[in-house]
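The next block is structure-v3.pdb, given as PDB, C-alpha atoms and all ligand atoms.
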ATOM      1  CA  MET A   1      35.483 117.413  60.653
ATOM      2  CA  THR A   2      38.289 118.832  58.554
ATOM      3  CA  LYS A   3      36.867 120.062  55.260
ATOM      4  CA  ARG A   4      38.464 118.795  52.077
ATOM      5  CA  VAL A   5      39.250 121.664  49.687
ATOM      6  CA  ALA A   6      39.879 121.681  45.942
ATOM      7  CA  ILE A   7      41.542 124.795  44.530
ATOM      8  CA  PHE A   8      41.003 125.653  40.858
ATOM      9  CA  ILE A   9      43.715 127.684  39.115
ATOM     10  CA  SER A  10      44.677 128.848  35.633
ATOM     11  CA  GLY A  11      48.014 130.553  36.220
ATOM     12  CA  GLY A  12      50.738 131.219  38.741
ATOM     13  CA  GLY A  13      48.686 130.103  41.677
ATOM     14  CA  SER A  14      49.885 132.616  44.257
ATOM     15  CA  ASN A  15      46.458 132.670  45.905
ATOM     16  CA  MET A  16      46.453 128.869  45.894
ATOM     17  CA  VAL A  17      49.793 128.896  47.732
ATOM     18  CA  ALA A  18      48.455 131.417  50.270
ATOM     19  CA  LEU A  19      45.415 129.218  50.882
ATOM     20  CA  ALA A  20      47.436 126.014  51.128
ATOM     21  CA  ARG A  21      49.948 127.571  53.545
ATOM     22  CA  ALA A  22      47.186 128.912  55.765
ATOM     23  CA  MET A  23      45.513 125.508  55.862
ATOM     24  CA  GLN A  24      48.692 124.022  57.324
ATOM     25  CA  ALA A  25      47.643 125.528  60.666
ATOM     26  CA  PRO A  26      46.306 122.554  62.621
ATOM     27  CA  ASP A  27      43.202 124.402  63.841
ATOM     28  CA  PHE A  28      42.252 125.811  60.413
ATOM     29  CA  GLY A  29      39.463 123.306  59.848
ATOM     30  CA  ALA A  30      40.244 122.556  56.201
ATOM     31  CA  LYS A  31      42.985 121.023  54.109
ATOM     32  CA  PRO A  32      43.909 121.261  50.423
ATOM     33  CA  VAL A  33      43.492 117.867  48.789
ATOM     34  CA  LEU A  34      43.466 118.792  45.097
ATOM     35  CA  VAL A  35      44.721 121.594  42.885
ATOM     36  CA  LEU A  36      43.068 121.518  39.491
ATOM     37  CA  ALA A  37      44.110 123.591  36.465
ATOM     38  CA  ASN A  38      42.486 124.049  33.081
ATOM     39  CA  ASN A  39      45.917 124.525  31.569
ATOM     40  CA  ALA A  40      48.842 122.113  31.822
ATOM     41  CA  HIS A  41      51.253 125.070  31.829
ATOM     42  CA  ALA A  42      49.729 126.723  34.899
ATOM     43  CA  GLY A  43      52.714 127.603  37.068
ATOM     44  CA  GLY A  44      50.753 126.789  40.199
ATOM     45  CA  LEU A  45      50.747 123.059  39.404
ATOM     46  CA  ALA A  46      54.420 122.629  40.259
ATOM     47  CA  LYS A  47      53.988 124.732  43.400
ATOM     48  CA  ALA A  48      51.124 122.510  44.529
ATOM     49  CA  ALA A  49      53.068 119.333  43.814
ATOM     50  CA  ALA A  50      56.013 120.733  45.792
ATOM     51  CA  MET A  51      53.626 121.215  48.724
ATOM     52  CA  GLY A  52      52.531 117.594  48.450
ATOM     53  CA  ILE A  53      49.064 118.348  47.082
ATOM     54  CA  HIS A  54      47.497 116.163  44.375
ATOM     55  CA  THR A  55      47.182 117.960  41.053
ATOM     56  CA  ALA A  56      44.944 117.451  38.048
ATOM     57  CA  VAL A  57      44.638 119.105  34.656
ATOM     58  CA  VAL A  58      41.389 119.342  32.740
ATOM     59  CA  ASP A  59      42.302 121.232  29.591
ATOM     60  CA  HIS A  60      39.257 123.127  28.348
ATOM     61  CA  ARG A  61      40.498 123.383  24.760
ATOM     62  CA  PRO A  62      39.568 119.920  23.460
ATOM     63  CA  PHE A  63      35.975 120.620  24.525
ATOM     64  CA  LYS A  64      35.776 123.512  22.023
ATOM     65  CA  GLY A  65      32.997 125.492  23.665
ATOM     66  CA  ASP A  66      31.079 122.473  24.964
ATOM     67  CA  ARG A  67      31.061 123.793  28.513
ATOM     68  CA  GLU A  68      28.876 120.996  29.841
ATOM     69  CA  ALA A  69      31.304 118.339  28.643
ATOM     70  CA  PHE A  70      34.195 120.333  30.160
ATOM     71  CA  GLU A  71      32.337 120.505  33.462
ATOM     72  CA  LYS A  72      31.589 116.768  33.388
ATOM     73  CA  ALA A  73      35.333 116.262  33.111
ATOM     74  CA  LEU A  74      35.857 118.628  36.063
ATOM     75  CA  LEU A  75      33.384 116.625  38.145
ATOM     76  CA  ALA A  76      35.117 113.387  37.172
ATOM     77  CA  ALA A  77      38.454 114.823  38.315
ATOM     78  CA  LEU A  78      36.917 115.896  41.626
ATOM     79  CA  ALA A  79      35.051 112.655  42.278
ATOM     80  CA  PRO A  80      37.867 110.541  43.790
ATOM     81  CA  HIS A  81      38.770 113.252  46.304
ATOM     82  CA  ASP A  82      35.552 113.587  48.303
ATOM     83  CA  ILE A  83      35.652 117.396  48.088
ATOM     84  CA  ASP A  84      33.644 119.586  50.470
ATOM     85  CA  ILE A  85      34.619 123.067  49.225
ATOM     86  CA  ILE A  86      35.952 124.484  45.945
ATOM     87  CA  CYS A  87      38.079 127.647  45.998
ATOM     88  CA  LEU A  88      38.440 129.348  42.636
ATOM     89  CA  ALA A  89      41.822 131.084  42.721
ATOM     90  CA  GLY A  90      42.532 132.806  39.438
ATOM     91  CA  PHE A  91      40.496 130.200  37.541
ATOM     92  CA  MET A  92      39.777 131.991  34.288
ATOM     93  CA  ARG A  93      36.929 129.863  32.925
ATOM     94  CA  VAL A  94      33.271 130.784  33.303
ATOM     95  CA  LEU A  95      31.306 127.946  34.879
ATOM     96  CA  THR A  96      27.706 127.208  33.886
ATOM     97  CA  PRO A  97      24.743 127.175  36.269
ATOM     98  CA  VAL A  98      24.730 123.362  36.028
ATOM     99  CA  PHE A  99      28.108 123.160  37.751
ATOM    100  CA  ILE A 100      27.514 126.140  40.037
ATOM    101  CA  ASP A 101      24.133 124.905  41.310
ATOM    102  CA  ARG A 102      25.748 121.641  42.265
ATOM    103  CA  TRP A 103      28.349 123.458  44.373
ATOM    104  CA  GLN A 104      26.348 126.448  45.524
ATOM    105  CA  GLY A 105      27.090 127.267  49.166
ATOM    106  CA  ARG A 106      30.343 125.339  48.879
ATOM    107  CA  MET A 107      32.300 127.367  46.316
ATOM    108  CA  LEU A 108      34.280 130.595  46.849
ATOM    109  CA  ASN A 109      36.098 132.939  44.476
ATOM    110  CA  ILE A 110      38.534 135.823  44.774
ATOM    111  CA  HIS A 111      37.970 138.730  42.436
ATOM    112  CA  PRO A 112      40.376 141.657  42.004
ATOM    113  CA  SER A 113      37.914 144.512  42.506
ATOM    114  CA  LEU A 114      35.677 145.999  45.146
ATOM    115  CA  LEU A 115      32.538 144.152  44.094
ATOM    116  CA  PRO A 116      29.898 144.954  42.987
ATOM    117  CA  LYS A 117      32.182 147.265  40.985
ATOM    118  CA  TYR A 118      34.042 145.881  37.999
ATOM    119  CA  LYS A 119      32.825 142.347  37.516
ATOM    120  CA  GLY A 120      34.669 140.530  34.742
ATOM    121  CA  LEU A 121      38.079 141.439  33.377
ATOM    122  CA  HIS A 122      40.541 144.384  33.389
ATOM    123  CA  THR A 123      39.366 145.447  36.827
ATOM    124  CA  HIS A 124      42.398 147.541  37.779
ATOM    125  CA  LYS A 125      42.431 149.520  34.529
ATOM    126  CA  ARG A 126      38.720 150.185  34.888
ATOM    127  CA  ALA A 127      39.138 151.451  38.462
ATOM    128  CA  ILE A 128      42.016 153.764  37.459
ATOM    129  CA  ASP A 129      40.213 155.030  34.345
ATOM    130  CA  ALA A 130      37.122 155.803  36.428
ATOM    131  CA  GLY A 131      39.198 157.977  38.762
ATOM    132  CA  ASP A 132      38.385 155.808  41.787
ATOM    133  CA  SER A 133      40.228 156.606  45.009
ATOM    134  CA  HIS A 134      40.611 152.899  45.825
ATOM    135  CA  GLY A 135      40.898 149.527  44.167
ATOM    136  CA  GLY A 136      40.779 146.259  45.994
ATOM    137  CA  CYS A 137      39.662 142.677  46.075
ATOM    138  CA  SER A 138      36.682 140.642  47.209
ATOM    139  CA  VAL A 139      36.146 137.079  48.322
ATOM    140  CA  HIS A 140      32.633 135.970  47.502
ATOM    141  CA  GLU A 141      30.451 132.913  47.298
ATOM    142  CA  VAL A 142      29.945 131.755  43.747
ATOM    143  CA  THR A 143      26.435 131.932  42.359
ATOM    144  CA  SER A 144      25.221 131.732  38.796
ATOM    145  CA  GLU A 145      25.575 135.514  38.431
ATOM    146  CA  LEU A 146      29.180 136.129  37.289
ATOM    147  CA  ASP A 147      31.158 137.687  40.175
ATOM    148  CA  GLY A 148      27.780 138.383  41.779
ATOM    149  CA  GLY A 149      27.485 136.122  44.831
ATOM    150  CA  PRO A 150      27.462 137.303  48.448
ATOM    151  CA  VAL A 151      30.684 139.063  49.427
ATOM    152  CA  LEU A 152      32.427 137.539  52.455
ATOM    153  CA  LEU A 153      35.448 139.811  52.817
ATOM    154  CA  GLN A 154      37.008 142.769  51.010
ATOM    155  CA  ALA A 155      40.234 144.759  51.202
ATOM    156  CA  ARG A 156      40.750 148.286  49.873
ATOM    157  CA  VAL A 157      43.970 149.649  48.429
ATOM    158  CA  PRO A 158      44.518 153.361  47.661
ATOM    159  CA  ILE A 159      45.015 154.351  44.018
ATOM    160  CA  GLU A 160      47.910 156.773  43.977
ATOM    161  CA  ALA A 161      49.111 159.329  41.427
ATOM    162  CA  GLY A 162      50.760 157.586  38.491
ATOM    163  CA  GLU A 163      49.190 154.238  39.371
ATOM    164  CA  THR A 164      49.141 151.715  36.524
ATOM    165  CA  PRO A 165      47.087 148.525  36.268
ATOM    166  CA  GLU A 166      50.299 146.605  36.959
ATOM    167  CA  THR A 167      51.288 148.530  40.096
ATOM    168  CA  LEU A 168      47.745 148.361  41.416
ATOM    169  CA  ALA A 169      47.502 144.625  40.672
ATOM    170  CA  ALA A 170      50.693 144.014  42.646
ATOM    171  CA  LYS A 171      49.398 145.921  45.661
ATOM    172  CA  VAL A 172      45.996 144.249  45.504
ATOM    173  CA  LEU A 173      47.553 140.794  45.188
ATOM    174  CA  ILE A 174      49.216 141.242  48.598
ATOM    175  CA  GLU A 175      45.763 141.887  50.056
ATOM    176  CA  GLU A 176      44.300 138.904  48.180
ATOM    177  CA  HIS A 177      46.799 136.636  49.895
ATOM    178  CA  ARG A 178      45.664 138.012  53.241
ATOM    179  CA  ILE A 179      41.882 137.997  52.859
ATOM    180  CA  TYR A 180      41.312 134.771  50.919
ATOM    181  CA  PRO A 181      42.722 132.505  53.650
ATOM    182  CA  GLU A 182      40.893 134.545  56.289
ATOM    183  CA  ALA A 183      37.582 134.307  54.417
ATOM    184  CA  LEU A 184      38.010 130.557  53.955
ATOM    185  CA  ARG A 185      38.855 130.107  57.624
ATOM    186  CA  ARG A 186      35.690 131.942  58.649
ATOM    187  CA  PHE A 187      33.654 130.065  56.026
ATOM    188  CA  VAL A 188      34.661 126.626  57.295
ATOM    189  CA  ASN A 189      34.159 127.609  60.919
ATOM    190  CA  THR A 190      30.620 128.982  60.656
TER     191      THR A 190
HETATM  192  C1  LIG B 201      44.362 137.106  41.021
HETATM  193  O1  LIG B 201      44.636 138.475  41.017
HETATM  194  C2  LIG B 201      42.871 136.868  41.083
HETATM  195  O2  LIG B 201      42.176 137.801  41.859
HETATM  196  C3  LIG B 201      42.501 137.001  39.642
HETATM  197  O3  LIG B 201      43.525 136.346  38.941
HETATM  198  C4  LIG B 201      44.743 136.468  39.684
HETATM  199  C5  LIG B 201      45.338 135.093  39.856
HETATM  200  O4  LIG B 201      46.614 135.157  40.431
HETATM  201  N1  LIG B 201      41.217 136.414  39.376
HETATM  202  C6  LIG B 201      40.371 136.858  38.467
HETATM  203  O5  LIG B 201      40.606 137.794  37.739
HETATM  204  C7  LIG B 201      39.085 136.074  38.406
HETATM  205  N2  LIG B 201      38.149 136.724  37.519
HETATM  206  P1  LIG B 201      47.266 133.869  41.073
HETATM  207  O6  LIG B 201      47.192 132.751  40.035
HETATM  208  O7  LIG B 201      48.683 134.277  41.358
HETATM  209  O8  LIG B 201      46.497 133.530  42.324
END

If you convert what's in this file into structure tokens, what do you get?
Ligand code: GAR
Amino acid sequence: MTKRVAIFISGGGSNMVALARAMQAPDFGAKPVLVLANNAHAGGLAKAAAMGIHTAVVDHRPFKGDREAFEKALLAALAPHDIDIICLAGFMRVLTPVFIDRWQGRMLNIHPSLLPKYKGLHTHKRAIDAGDSHGGCSVHEVTSELDGGPVLLQARVPIEAGETPETLAAKVLIEEHRIYPEALRRFVNT
């Protein structure tokens, strides 16, 4: 059975596009049925619509820190779409254990570091400041530990002389677009 995938975004959605394009392969085993953003200005929304994917916006701001109410609204947006798997793709809201437990084993994330290093934000700056030889990215299952679930796939990128967070982010993003679709493909086929 083809799995029905929701992709959560907050910004430009380049990982979402990479996932959606990969799922166009007829033997992929999954298809994107919903792209959901927490921000009506997320650039990825128009890209999803152009690819013929349903979009939804659940703005977190009116919930003013009431994460449970925000997550109830997320669940309500998901409900009509019969979703099997959620892919977080640059979704910059922290989800509570209530939401995560409900989706555990069915929710993936891409994080721009070589986990378990550099959970959280500013990953590229932290890797450069630490003098690391490599940065990278990780696709992992989402558990209630932030950026702490089992890693499915990683890619390493060398940190070169004069590297800045911006240059490293650009190089890592190319790898993100490669490993996230591959990790999802393996995930739906195991
Ligand atoms: C990506 O680099 C992703 O790894 C990162 O946000 C960017 C989203 O780009 N995610 C996180 O930092 C999650 N903590 P995109 O919107 O172009 O896919």

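Shortest atom-to-atom contact with ligand LIG 201 (chain B) among A:Gln24, A:Thr164, A:Thr55, A:Ser10: A:Ser10, counting all atoms listed in the file.
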
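Distance-wise, CA of Ala76 in chain A and CA of Trp103 in chain A end up 14.1 Å apart.
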
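Atom pair CA of Glu175 in chain A / CA of His140 in chain A: separated by 14.6 Å.
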
If you apply the PyMOL selection byres (((not hetatm)) within 8 of (chain B and resi 201)) to this file, what residues do you get, as number ranges by chain?
A: 9-17, 44, 88-92, 109-113, 119-123, 137, 147, 169, 172-173, 176

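Excluding range 154-159 of chain A and any residue on its chain fewer than 2 positions from it, the residues at most 9 Å away by only C-alpha atoms are Ser113, Leu114, Leu115, Ala127, Ile128, Gly131, Asp132, Ser133, His134, Gly135, Gly136, Cys137, Ser138, Val139, His140, Val151, Leu152, Ala161, Gly162, Glu163, Thr164, Leu168, Lys171, Val172, Glu175, Glu176, Arg178 and Ile179 of chain A.
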
Counting all atoms listed in the file, which residue out of A:Ala42, A:Ala37, A:Ile174, A:Leu75 sits closest to Asp59 in chain A?
A:Ala37

In the coordinates of the file, take the point (42.1, 117.6, 44.0) and a cut-off of 10 Å; then, counting all atoms listed in the file, name each qualifying protein, DNA or RNA residue as a ChimeraX atom specification.
/A:4-8,32-37,53-57,77-83,86
